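Asks: So here's structure-v1.tsv, just TSV, C-alpha atoms and all ligand atoms:
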chain	number	residue	atom	x	y	z
K	1	MET	CA	-16.21	21.15	-14.94
K	2	GLY	CA	-16.91	22.69	-11.52
K	3	ASN	CA	-14.59	24.05	-8.87
K	4	PRO	CA	-12.41	21.31	-7.32
K	5	ARG	CA	-12.14	23.23	-4.05
K	6	GLU	CA	-15.86	22.85	-3.45
K	7	ALA	CA	-16.72	20.17	-0.89
K	8	HIS	CA	-18.79	18.23	-3.46
K	9	ALA	CA	-16.80	18.86	-6.63
K	10	ASP	CA	-17.41	16.66	-9.65
K	11	VAL	CA	-15.18	13.60	-9.89
K	12	THR	CA	-14.48	10.85	-12.39
K	13	VAL	CA	-13.48	7.29	-11.52
K	14	ILE	CA	-11.90	5.12	-14.20
K	15	GLY	CA	-11.63	1.44	-13.28
K	16	LEU	CA	-14.44	-0.27	-11.42
K	17	GLY	CA	-12.80	-3.31	-9.93
K	18	LEU	CA	-13.21	-4.05	-6.23
K	19	MET	CA	-11.42	-0.87	-5.20
K	20	GLY	CA	-12.67	1.42	-7.98
K	21	ARG	CA	-16.30	0.57	-7.17
K	22	ALA	CA	-15.66	1.32	-3.49
K	23	LEU	CA	-14.06	4.67	-4.43
K	24	ALA	CA	-16.95	5.68	-6.67
K	25	ALA	CA	-19.52	4.62	-4.07
K	26	ALA	CA	-17.75	6.70	-1.40
K	27	PHE	CA	-17.79	9.77	-3.69
K	28	LEU	CA	-21.50	9.25	-4.34
K	29	ARG	CA	-22.26	8.88	-0.62
K	30	ALA	CA	-20.39	12.13	0.03
K	31	GLY	CA	-22.52	13.96	-2.57
K	32	HIS	CA	-20.08	14.29	-5.50
K	33	ARG	CA	-21.48	14.17	-9.01
K	34	THR	CA	-19.57	11.07	-10.10
K	35	THR	CA	-18.84	9.91	-13.64
K	36	VAL	CA	-17.49	6.38	-14.05
K	37	TRP	CA	-15.99	4.24	-16.79
K	38	ASN	CA	-14.88	0.64	-16.86
K	39	ARG	CA	-13.63	-1.58	-19.68
K	40	THR	CA	-16.32	-4.11	-18.76
K	41	ALA	CA	-19.36	-1.86	-18.69
K	42	ASP	CA	-21.70	-4.05	-16.64
K	43	ARG	CA	-19.54	-3.62	-13.55
K	44	ALA	CA	-20.93	-0.08	-13.36
K	45	ALA	CA	-24.56	-1.17	-12.95
K	46	GLY	CA	-24.69	-0.92	-9.15
K	47	LEU	CA	-23.07	2.51	-9.18
K	48	VAL	CA	-25.43	3.81	-11.85
K	49	ALA	CA	-28.31	2.65	-9.65
K	50	GLN	CA	-26.75	4.78	-6.87
K	51	GLY	CA	-26.63	7.85	-9.12
K	52	ALA	CA	-23.33	7.63	-11.03
K	53	ALA	CA	-23.18	8.65	-14.69
K	54	PHE	CA	-21.63	5.98	-16.91
K	55	ALA	CA	-19.50	7.44	-19.71
K	56	PRO	CA	-19.34	5.48	-22.97
K	57	THR	CA	-15.57	5.94	-23.28
K	58	ALA	CA	-12.69	6.65	-20.91
K	59	ARG	CA	-12.15	9.87	-22.85
K	60	ASP	CA	-15.73	11.04	-22.15
K	61	ALA	CA	-15.28	10.12	-18.49
K	62	ALA	CA	-12.05	12.11	-18.21
K	63	THR	CA	-13.58	15.26	-19.67
K	64	ALA	CA	-16.43	15.19	-17.14
K	65	ALA	CA	-14.56	16.38	-14.02
K	66	PRO	CA	-11.52	18.35	-12.86
K	67	LEU	CA	-10.31	15.34	-10.84
K	68	VAL	CA	-9.87	12.05	-12.70
K	69	VAL	CA	-9.19	9.09	-10.41
K	70	VAL	CA	-7.82	5.92	-11.97
K	71	CYS	CA	-7.65	2.63	-10.13
K	72	LEU	CA	-6.72	-0.23	-12.43
K	73	ALA	CA	-5.03	-3.59	-12.16
K	74	ASP	CA	-1.55	-2.21	-12.89
K	75	HIS	CA	0.36	0.62	-14.55
K	76	ASP	CA	0.34	-1.11	-17.95
K	77	ALA	CA	-3.45	-0.88	-17.87
K	78	VAL	CA	-3.20	2.78	-16.81
K	79	GLY	CA	-0.86	3.46	-19.73
K	80	GLN	CA	-3.26	1.77	-22.15
K	81	VAL	CA	-6.21	3.80	-20.88
K	82	ILE	CA	-4.25	7.08	-20.93
K	83	GLY	CA	-3.39	6.25	-24.54
K	84	THR	CA	-7.09	6.46	-25.42
K	85	LEU	CA	-7.72	9.81	-23.74
K	86	GLY	CA	-6.51	12.16	-26.48
K	87	ASP	CA	-6.45	15.66	-24.98
K	88	ALA	CA	-9.11	14.85	-22.37
K	89	LEU	CA	-6.68	15.36	-19.48
K	90	ASP	CA	-6.04	18.97	-20.52
K	91	GLY	CA	-6.16	21.12	-17.39
K	92	ARG	CA	-7.22	18.21	-15.18
K	93	THR	CA	-5.60	16.45	-12.27
K	94	LEU	CA	-5.01	12.74	-12.67
K	95	LEU	CA	-4.97	10.90	-9.34
K	96	ASP	CA	-3.65	7.38	-9.85
K	97	LEU	CA	-4.51	4.98	-7.02
K	98	THR	CA	-3.12	1.99	-8.91
K	99	SER	CA	-0.34	0.18	-7.04
K	100	GLY	CA	3.07	-0.17	-8.66
K	101	THR	CA	6.74	0.61	-8.33
K	102	PRO	CA	8.27	4.10	-8.01
K	103	ALA	CA	9.63	3.86	-11.56
K	104	GLN	CA	6.15	3.01	-12.88
K	105	ALA	CA	4.65	5.97	-11.00
K	106	ARG	CA	7.26	8.31	-12.52
K	107	ALA	CA	6.64	6.90	-16.00
K	108	THR	CA	2.87	7.36	-15.63
K	109	ALA	CA	3.46	10.92	-14.40
K	110	ALA	CA	5.49	11.63	-17.56
K	111	LEU	CA	2.76	10.09	-19.72
K	112	ALA	CA	0.07	12.21	-18.06
K	113	ALA	CA	2.20	15.36	-18.52
K	114	ALA	CA	2.71	14.50	-22.20
K	115	ARG	CA	-1.08	14.22	-22.51
K	116	GLY	CA	-1.56	17.70	-21.08
K	117	ALA	CA	-2.65	16.86	-17.54
K	118	ALA	CA	-2.36	19.89	-15.27
K	119	ALA	CA	-1.04	17.66	-12.52
K	120	TYR	CA	-0.37	14.01	-11.74
K	121	LEU	CA	-0.77	12.75	-8.20
K	122	ASP	CA	0.36	9.24	-7.44
K	123	GLY	CA	-1.73	7.96	-4.59
K	124	GLY	CA	-2.11	4.98	-2.37
K	125	ILE	CA	-5.27	3.84	-0.68
K	126	MET	CA	-4.41	2.03	2.50
K	127	ALA	CA	-7.71	0.34	3.20
K	128	VAL	CA	-9.77	-2.58	2.00
K	129	PRO	CA	-12.76	-1.68	-0.19
K	130	ALA	CA	-15.25	-2.06	2.68
K	131	ASP	CA	-13.42	0.64	4.66
K	132	VAL	CA	-13.17	3.24	1.90
K	133	GLY	CA	-14.94	6.43	2.96
K	134	THR	CA	-14.60	5.66	6.69
K	135	PRO	CA	-12.45	7.43	9.31
K	136	GLY	CA	-10.09	4.43	9.45
K	137	ALA	CA	-9.15	4.59	5.75
K	138	ARG	CA	-5.97	6.38	4.70
K	139	VAL	CA	-5.12	7.97	1.34
K	140	VAL	CA	-1.62	9.26	0.73
K	141	CYS	CA	-0.46	11.20	-2.31
K	142	CYS	CA	2.74	12.50	-3.84
K	143	GLY	CA	3.17	15.00	-6.63
K	144	PRO	CA	2.50	18.75	-6.80
K	145	ARG	CA	1.34	19.98	-3.39
K	146	ALA	CA	-0.90	22.63	-4.92
K	147	ALA	CA	-2.86	19.95	-6.79
K	148	TYR	CA	-3.14	17.87	-3.63
K	149	GLU	CA	-4.49	20.85	-1.72
K	150	ARG	CA	-6.88	21.76	-4.52
K	151	HIS	CA	-8.47	18.31	-4.40
K	152	ALA	CA	-8.20	17.75	-0.64
K	153	PRO	CA	-11.98	18.07	-0.12
K	154	ALA	CA	-12.62	15.24	-2.59
K	155	LEU	CA	-9.90	13.09	-1.02
K	156	ALA	CA	-11.56	13.57	2.36
K	157	SER	CA	-14.61	11.78	0.91
K	158	LEU	CA	-12.47	8.66	0.44
K	159	ALA	CA	-10.66	8.48	3.74
K	160	GLY	CA	-10.61	9.94	7.22
K	161	GLN	CA	-6.84	10.23	7.04
K	162	THR	CA	-5.18	11.94	4.08
K	163	ALA	CA	-1.62	13.12	3.67
K	164	HIS	CA	0.76	14.57	1.09
K	165	LEU	CA	4.11	12.74	1.21
K	166	GLY	CA	6.10	15.10	-0.99
K	167	GLU	CA	6.43	16.14	-4.60
K	168	GLU	CA	8.57	13.21	-5.83
K	169	HIS	CA	6.29	10.89	-7.81
K	170	GLY	CA	7.90	7.65	-6.61
K	171	THR	CA	7.39	8.16	-2.89
K	172	VAL	CA	3.93	6.73	-2.34
K	173	ALA	CA	4.71	3.57	-4.34
K	174	LEU	CA	7.69	2.94	-2.08
K	175	TYR	CA	5.59	3.42	1.09
K	176	GLU	CA	2.96	1.05	-0.30
K	177	LEU	CA	5.59	-1.60	-1.01
K	178	ALA	CA	7.03	-1.17	2.50
K	179	VAL	CA	3.59	-1.60	4.06
K	180	THR	CA	3.00	-4.64	1.87
K	181	ALA	CA	6.27	-6.12	3.17
K	182	VAL	CA	4.97	-5.79	6.73
K	183	MET	CA	1.55	-7.24	5.95
K	184	TRP	CA	2.79	-10.20	3.92
K	185	SER	CA	5.33	-11.07	6.61
K	186	ALA	CA	2.71	-10.92	9.35
K	187	LEU	CA	0.20	-12.94	7.33
K	188	SER	CA	2.80	-15.54	6.34
K	189	GLY	CA	3.74	-15.89	10.01
K	190	PHE	CA	0.07	-16.43	10.82
K	191	LEU	CA	-0.19	-19.12	8.13
K	192	GLN	CA	2.98	-20.83	9.41
K	193	GLY	CA	1.49	-20.93	12.92
K	194	ALA	CA	-1.92	-22.06	11.69
K	195	ALA	CA	-0.31	-24.87	9.66
K	196	LEU	CA	1.78	-25.93	12.64
K	197	LEU	CA	-1.20	-26.04	14.99
K	198	GLY	CA	-3.39	-27.49	12.25
K	199	ALA	CA	-0.99	-30.43	11.95
K	200	ALA	CA	-1.73	-31.13	15.60
K	201	GLY	CA	-5.49	-30.91	14.99
K	202	VAL	CA	-5.98	-27.38	16.33
K	203	ALA	CA	-8.48	-25.23	14.38
K	204	ALA	CA	-7.14	-21.97	12.93
K	205	GLY	CA	-9.79	-20.05	14.87
K	206	ALA	CA	-8.36	-21.23	18.18
K	207	PHE	CA	-5.02	-19.71	17.18
K	208	VAL	CA	-6.46	-16.27	16.41
K	209	PRO	CA	-6.41	-14.74	19.94
K	210	PHE	CA	-2.78	-15.82	20.39
K	211	ALA	CA	-1.76	-14.61	16.92
K	212	ARG	CA	-3.52	-11.30	17.52
K	213	GLU	CA	-1.64	-10.76	20.78
K	214	GLY	CA	1.62	-11.51	19.00
K	215	VAL	CA	0.91	-9.02	16.20
K	216	GLU	CA	-0.21	-6.34	18.68
K	217	ALA	CA	2.91	-6.85	20.81
K	218	VAL	CA	5.13	-6.49	17.74
K	219	ALA	CA	3.27	-3.32	16.71
K	220	GLY	CA	4.10	-1.83	20.10
K	221	TRP	CA	7.82	-2.54	19.63
K	222	LEU	CA	8.10	-0.72	16.30
K	223	PRO	CA	8.87	2.81	17.56
K	224	GLY	CA	11.72	1.54	19.75
K	225	TYR	CA	13.18	-0.59	16.97
K	226	ALA	CA	12.87	2.31	14.51
K	227	ARG	CA	14.86	4.47	16.95
K	228	GLN	CA	17.54	1.79	17.20
K	229	ILE	CA	17.80	1.57	13.40
K	230	GLU	CA	18.13	5.36	13.16
K	231	GLU	CA	20.78	5.41	15.90
K	232	ASN	CA	22.54	2.29	14.57
K	233	ALA	CA	22.66	0.87	18.11
K	234	PHE	CA	20.75	-2.25	19.09
K	235	PRO	CA	20.82	-2.86	22.83
K	236	ALA	CA	18.71	-5.91	23.77
K	237	HIS	CA	16.01	-4.71	26.16
K	238	ASP	CA	14.00	-7.92	25.87
K	239	VAL	CA	15.40	-10.84	23.84
K	240	THR	CA	18.79	-11.22	22.20
K	241	VAL	CA	19.37	-12.31	18.61
K	242	GLY	CA	21.10	-15.42	20.01
K	243	THR	CA	17.93	-16.40	21.92
K	244	HIS	CA	15.78	-15.66	18.84
K	245	LEU	CA	18.04	-17.96	16.83
K	246	THR	CA	17.47	-20.85	19.24
K	247	SER	CA	13.67	-20.31	19.04
K	248	VAL	CA	13.55	-20.08	15.29
K	249	ARG	CA	15.69	-23.21	14.92
K	250	ASN	CA	13.15	-24.99	17.14
K	251	LEU	CA	10.42	-23.72	14.84
K	252	VAL	CA	12.24	-25.10	11.79
K	253	ARG	CA	12.71	-28.47	13.51
K	254	GLU	CA	9.10	-28.80	14.67
K	255	SER	CA	7.64	-27.56	11.38
K	256	GLU	CA	9.56	-30.18	9.44
K	257	ALA	CA	8.75	-32.90	11.98
K	258	LEU	CA	5.05	-32.17	11.48
K	259	GLY	CA	5.28	-32.03	7.69
K	260	VAL	CA	4.90	-28.23	7.60
K	261	GLY	CA	7.16	-26.22	5.28
K	262	GLY	CA	10.24	-24.86	7.04
K	263	GLU	CA	11.27	-22.29	4.39
K	264	LEU	CA	9.98	-19.22	6.20
K	265	PRO	CA	11.60	-19.90	9.60
K	266	ARG	CA	14.74	-21.16	7.85
K	267	LEU	CA	15.05	-17.80	6.08
K	268	ILE	CA	14.70	-15.97	9.40
K	269	ALA	CA	17.23	-18.35	10.97
K	270	SER	CA	19.68	-17.52	8.18
K	271	PHE	CA	19.31	-13.78	8.93
K	272	ALA	CA	19.91	-14.44	12.63
K	273	GLU	CA	22.89	-16.74	11.93
K	274	ARG	CA	24.56	-14.08	9.80
K	275	ALA	CA	23.83	-11.42	12.43
K	276	VAL	CA	25.39	-13.60	15.14
K	277	ALA	CA	28.41	-14.19	12.90
K	278	ALA	CA	28.69	-10.41	12.49
K	279	GLY	CA	28.84	-10.02	16.27
K	280	HIS	CA	25.19	-9.19	17.00
K	281	GLY	CA	24.33	-12.28	19.06
K	282	GLY	CA	23.88	-10.17	22.19
K	283	ASP	CA	21.90	-7.39	20.46
K	284	GLY	CA	18.15	-7.00	20.01
K	285	TYR	CA	16.08	-8.05	16.98
K	286	ALA	CA	16.49	-4.76	15.10
K	287	ALA	CA	20.18	-5.64	14.64
K	288	LEU	CA	18.94	-7.90	11.82
K	289	ILE	CA	18.45	-4.73	9.73
K	290	GLY	CA	22.03	-5.31	8.55
K	291	GLN	CA	20.81	-8.43	6.72
K	292	PHE	CA	18.47	-6.41	4.53
K	293	GLY	CA	21.14	-4.34	2.78
K	294	GLY	CA	20.11	-1.13	1.07
K	295	ARG	CA	21.94	2.16	0.75
K	296	ALA	CA	21.09	3.45	4.23
K	297	ARG	CA	22.70	0.38	5.82
K	298	THR	CA	25.78	0.57	3.61
K	299	GLU	CA	26.27	4.22	4.52
K	300	GLN	CA	25.84	3.50	8.22
K	301	ALA	CA	28.28	0.59	8.07
K	302	ALA	CA	30.87	2.86	6.46
K	303	GLU	CA	30.58	5.51	9.21
K	401	LIG	N1	-8.55	-4.24	-3.41
K	401	LIG	C1	-7.78	-3.79	-2.43
K	401	LIG	O1	-8.10	-3.92	-1.26
K	401	LIG	C2	-6.43	-3.12	-2.71
K	401	LIG	C3	-6.04	-2.12	-1.62
K	401	LIG	C4	-4.69	-1.54	-1.87
K	401	LIG	C5	-4.54	-0.99	-3.29
K	401	LIG	N2	-5.09	-1.88	-4.29
K	401	LIG	C6	-4.76	-1.54	-5.67
K	401	LIG	O2	-5.86	-1.00	-6.40
K	401	LIG	C7	-5.75	-1.38	-7.76
K	401	LIG	C8	-7.05	-2.05	-8.23
K	401	LIG	O3	-7.32	-3.13	-7.38
K	401	LIG	P1	-8.72	-3.88	-7.42
K	401	LIG	O4	-8.78	-4.67	-6.17
K	401	LIG	O5	-9.79	-2.93	-7.71
K	401	LIG	O6	-8.48	-4.85	-8.67
K	401	LIG	P2	-9.56	-5.61	-9.58
K	401	LIG	O7	-10.82	-5.86	-8.84
K	401	LIG	O8	-8.85	-6.76	-10.15
K	401	LIG	O9	-9.90	-4.56	-10.75
K	401	LIG	C9	-8.99	-4.27	-11.77
K	401	LIG	C10	-9.53	-3.18	-12.65
K	401	LIG	O10	-8.59	-2.91	-13.70
K	401	LIG	C11	-9.28	-2.96	-14.97
K	401	LIG	N3	-8.35	-3.31	-16.02
K	401	LIG	C12	-7.42	-4.29	-16.00
K	401	LIG	N4	-6.73	-4.27	-17.16
K	401	LIG	C13	-7.22	-3.26	-17.90
K	401	LIG	C14	-6.91	-2.74	-19.18
K	401	LIG	N5	-5.92	-3.25	-19.92
K	401	LIG	N6	-7.64	-1.69	-19.64
K	401	LIG	C15	-8.64	-1.17	-18.90
K	401	LIG	N7	-8.98	-1.62	-17.68
K	401	LIG	C16	-8.29	-2.65	-17.18
K	401	LIG	C17	-10.38	-3.98	-14.73
K	401	LIG	O11	-11.34	-3.82	-15.73
K	401	LIG	P3	-12.37	-5.02	-16.11
K	401	LIG	O12	-11.56	-6.32	-16.00
K	401	LIG	O13	-13.46	-4.96	-15.10
K	401	LIG	O14	-12.81	-4.74	-17.48
K	401	LIG	C18	-10.86	-3.55	-13.34
K	401	LIG	O15	-11.65	-2.40	-13.43
K	401	LIG	C19	-4.57	-2.36	-7.88
K	401	LIG	O16	-3.44	-1.64	-8.34
K	401	LIG	C20	-4.36	-2.80	-6.45
K	401	LIG	O17	-3.04	-3.19	-6.16
K	401	LIG	C21	-6.38	-2.46	-4.07
Let's see the structure in the file written out as structure tokens.
Ligand code: FVH
Replies:
Amino acid sequence: MGNPREAHADVTVIGLGLMGRALAAAFLRAGHRTTVWNRTADRAAGLVAQGAAFAPTARDAATAAPLVVVCLADHDAVGQVIGTLGDALDGRTLLDLTSGTPAQARATAALAAARGAAAYLDGGIMAVPADVGTPGARVVCCGPRAAYERHAPALASLAGQTAHLGEEHGTVALYELAVTAVMWSALSGFLQGAALLGAAGVAAGAFVPFAREGVEAVAGWLPGYARQIEENAFPAHDVTVGTHLTSVRNLVRESEALGVGGELPRLIASFAERAVAAGHGGDGYAALIGQFGGRARTEQAAE
């Protein structure tokens, strides 16, 4: 099976979709003997040409290496595949890079333990397939730290940035969902702006430099807003919630006038309206955190 602490330890990749193929290719480039399996076998052809060994069954693939990486469409698929493994996980570490919820990650961890896996790491790959194996890619894991450390050299073949986020199996899934919230919101904002400008005959490409500046400016504000959330104090250093509300109402009005959907800005306006009603009209944007609920907010409100 080989020693997982070696820089080029043997690895197995189960699931050769867009991400799984990128993972296996990165392992091969880094010099790992890589065994792969996919339900649809022909998706492995390119990897086999690069030197991967294709296993006839998921069970054969799992027995081939001390680190078994799964990257499938969802946790139901992971559960189905684990169900075919028999005792093949015995003594091995299962690293699951499939996205899901914290509860799904915990359930898959229990399933892997019941199948004799030495350790289950729930992981998240924060990169698009083209960036896997580059310094800009990030892989985060949760689960037993010793297993994470044992396989750290292999993880370094996937991403320039790797981190262990704790032993609790639900943690990475929650981070992934939080990052997804940020990305979907930013992309939806871009689409709203592109539709608005598009209605006036402006090409989406012409909007890109302006959109990029907006996203970069917002990124720069995050540390300050995070501090305000932690301190539960929201002094307006730039724009007040009341001023934001006027702007977003203008956005609703103009979107609808141009035949563009107003749902997204109307939702933001409703957050701002409730924040103003709660006395935050003179505060900064982070005061809207109160509109998102959650235990942390409830506890802070009670203090
Ligand atoms: N692609 C990305 O950029 C993102 C980055 C962030 C994290 N995700 C997560 O990675 C998981 C896989 O995503 P993917 O992009 O590789 O997805 P697909 O290309 O659709 O490949 C899906 C693979 O799953 C196999 N599969 C599906 N159902 C089953 C099943 N019941 N039994 C066995 N395998 C199954 C599928 O096999 P096949 O259709 O080729 O036979 C593919 O190998 C995902 O959680 C993302 O959220 C990627």
Asks: Would you list the contacts of Leu95 of chain K as a list in words, taking every protein, DNA or RNA residue within 9 Å and counting only C-alpha atoms, but skipping same-chain residues closer than 5 positions in sequence?
Replies: Leu67, Val68, Val69, Val70, Cys71, Ala119, Tyr120, Leu121, Asp122, Gly123 and Cys141 of chain K
Asks: Could I get the residue neighbourhood of ligand LIG 401 (chain K) at 7 Å, counting only C-alpha atoms and all ligand atoms, as a PyMOL selection string?
Replies: chain K and resi 15-20+38-40+43+71-74+76-78+80-81+97-100+124-129
Asks: Could you pull out every residue with an atom within 12 Å of (-5.5, 15.5, -5.0), file coordinates, counting all atoms listed in the file, and send them as number ranges by chain?
Replies: K: 4-5, 9, 11, 66-69, 92-97, 118-124, 139-158, 162-165, 167
Asks: Let me make sure I understand: among K:Gly224, K:Gly279, K:Gly136, K:Gly261, which one has the smallest atom-to-atom distance to Ala194 of chain K if we use all atoms listed in the file?
Replies: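 When distances to Ala194 of chain K are compared using all atoms listed in the file, the smallest one comes from K:Gly261.
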Asks: May I ask which of the residues K:Leu174, K:Val48, K:Ala219, K:Leu23 is the closest one to Ala159 of chain K, counting only C-alpha atoms?
Replies: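 Answer, going by the shortest atom-to-atom distance: K:Leu23.
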Asks: Counting all atoms listed in the file, which of K:Pro56, K:Pro209, K:Gly86, K:Gly133 gets nearest to Ile14 of chain K?
Replies: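 So, comparing all the options, the nearest one is K:Pro56.
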Asks: How many Å lie between atom CA of Asp42 of chain K and atom CA of Asp87 of chain K, rounded to one decimal?
Replies: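 One can read the atom CA of Asp42 of chain K to atom CA of Asp87 of chain K distance as 26.3 Å.
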Asks: Write out as a PDB file with C-alpha atoms, in the frame of the given file the residues lying within 12 Å of Ser247 of chain K, counting only C-alpha atoms and excluding same-chain residues fewer than 4 positions away.
Replies:
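Below is the file that was written, out-v3.pdb:
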ATOM      1  CA  VAL K 239      15.400 -10.840  23.840  1.00  0.00           C
ATOM      2  CA  THR K 240      18.790 -11.220  22.200  1.00  0.00           C
ATOM      3  CA  VAL K 241      19.370 -12.310  18.610  1.00  0.00           C
ATOM      4  CA  GLY K 242      21.100 -15.420  20.010  1.00  0.00           C
ATOM      5  CA  THR K 243      17.930 -16.400  21.920  1.00  0.00           C
ATOM      6  CA  LEU K 251      10.420 -23.720  14.840  1.00  0.00           C
ATOM      7  CA  VAL K 252      12.240 -25.100  11.790  1.00  0.00           C
ATOM      8  CA  ARG K 253      12.710 -28.470  13.510  1.00  0.00           C
ATOM      9  CA  GLU K 254       9.100 -28.800  14.670  1.00  0.00           C
ATOM     10  CA  PRO K 265      11.600 -19.900   9.600  1.00  0.00           C
ATOM     11  CA  ARG K 266      14.740 -21.160   7.850  1.00  0.00           C
ATOM     12  CA  ILE K 268      14.700 -15.970   9.400  1.00  0.00           C
ATOM     13  CA  ALA K 269      17.230 -18.350  10.970  1.00  0.00           C
ATOM     14  CA  ALA K 272      19.910 -14.440  12.630  1.00  0.00           C
TER      15      ALA K 272
END
Asks: For the atom pair atom CA of Glu168 of chain K and atom CA of Arg106 of chain K, what is the interatomic distance in Å to one decimal place?
Replies: 8.4 Å
Asks: Closest to Leu264 of chain K among K:Phe207, K:Gly51, K:Asp238, K:Ser185, using all atoms listed in the file?
Replies: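 Among the listed residues, the smallest separation from Leu264 of chain K belongs to K:Ser185.
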Asks: Measure the distance from atom CA of Tyr285 of chain K to atom CA of Arg227 of chain K in Å and round it to one decimal.
Replies: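 A separation of 12.6 Å between them.
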Asks: Using all atoms listed in the file, pick whichever of K:Thr108, K:Ser270, K:Thr63, K:Gln228 has the shortest atom-to-atom distance to His244 of chain K.
Replies: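 Among the listed residues, the smallest separation from His244 of chain K belongs to K:Ser270.
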Asks: Of the candidates K:Arg249, K:Ala22, K:Leu196, K:Gln161, which shows the shortest atom-to-atom distance to Asp131 of chain K, using only C-alpha atoms?
Replies: K:Ala22
Asks: Please reconstruct the missing atoms of segment 124-142 of chain K (target: N, CA and C atoms) and return them as a CSV table (one decimal), in the coordinates of the input.
Replies:
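Listed below is the output, part.csv:
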chain,number,residue,atom,x,y,z
K,124,GLY,N,-2.0,6.3,-2.9
K,124,GLY,CA,-2.1,5.0,-2.4
K,124,GLY,C,-3.3,5.0,-1.4
K,125,ILE,N,-4.2,4.0,-1.6
K,125,ILE,CA,-5.3,3.8,-0.7
K,125,ILE,C,-4.9,2.7,0.2
K,126,MET,N,-4.8,3.0,1.5
K,126,MET,CA,-4.4,2.0,2.5
K,126,MET,C,-5.6,1.6,3.3
K,127,ALA,N,-6.5,0.8,2.6
K,127,ALA,CA,-7.7,0.3,3.2
K,127,ALA,C,-8.2,-0.8,2.3
K,128,VAL,N,-9.1,-1.6,2.8
K,128,VAL,CA,-9.8,-2.6,2.0
K,128,VAL,C,-11.0,-1.9,1.5
K,129,PRO,N,-11.6,-2.4,0.4
K,129,PRO,CA,-12.8,-1.7,-0.2
K,129,PRO,C,-13.9,-1.4,0.8
K,130,ALA,N,-14.1,-2.3,1.7
K,130,ALA,CA,-15.2,-2.1,2.7
K,130,ALA,C,-15.0,-0.9,3.6
K,131,ASP,N,-13.7,-0.5,3.8
K,131,ASP,CA,-13.4,0.6,4.7
K,131,ASP,C,-13.3,2.0,4.0
K,132,VAL,N,-13.3,2.0,2.6
K,132,VAL,CA,-13.2,3.2,1.9
K,132,VAL,C,-14.3,4.2,2.3
K,133,GLY,N,-13.9,5.4,2.6
K,133,GLY,CA,-14.9,6.4,3.0
K,133,GLY,C,-15.2,6.5,4.5
K,134,THR,N,-14.4,5.7,5.2
K,134,THR,CA,-14.6,5.7,6.7
K,134,THR,C,-13.4,6.4,7.3
K,135,PRO,N,-13.6,6.7,8.6
K,135,PRO,CA,-12.4,7.4,9.3
K,135,PRO,C,-11.2,6.6,9.4
K,136,GLY,N,-11.3,5.3,9.3
K,136,GLY,CA,-10.1,4.4,9.4
K,136,GLY,C,-9.3,4.3,8.2
K,137,ALA,N,-9.9,4.7,7.0
K,137,ALA,CA,-9.2,4.6,5.8
K,137,ALA,C,-8.1,5.7,5.6
K,138,ARG,N,-7.0,5.4,4.9
K,138,ARG,CA,-6.0,6.4,4.7
K,138,ARG,C,-5.7,6.5,3.2
K,139,VAL,N,-5.6,7.7,2.7
K,139,VAL,CA,-5.1,8.0,1.3
K,139,VAL,C,-3.9,8.9,1.4
K,140,VAL,N,-2.8,8.4,0.8
K,140,VAL,CA,-1.6,9.3,0.7
K,140,VAL,C,-1.3,9.6,-0.7
K,141,CYS,N,-0.7,10.8,-0.9
K,141,CYS,CA,-0.5,11.2,-2.3
K,141,CYS,C,0.9,11.8,-2.4
K,142,CYS,N,1.5,11.7,-3.6
K,142,CYS,CA,2.7,12.5,-3.8
K,142,CYS,C,2.6,13.1,-5.2
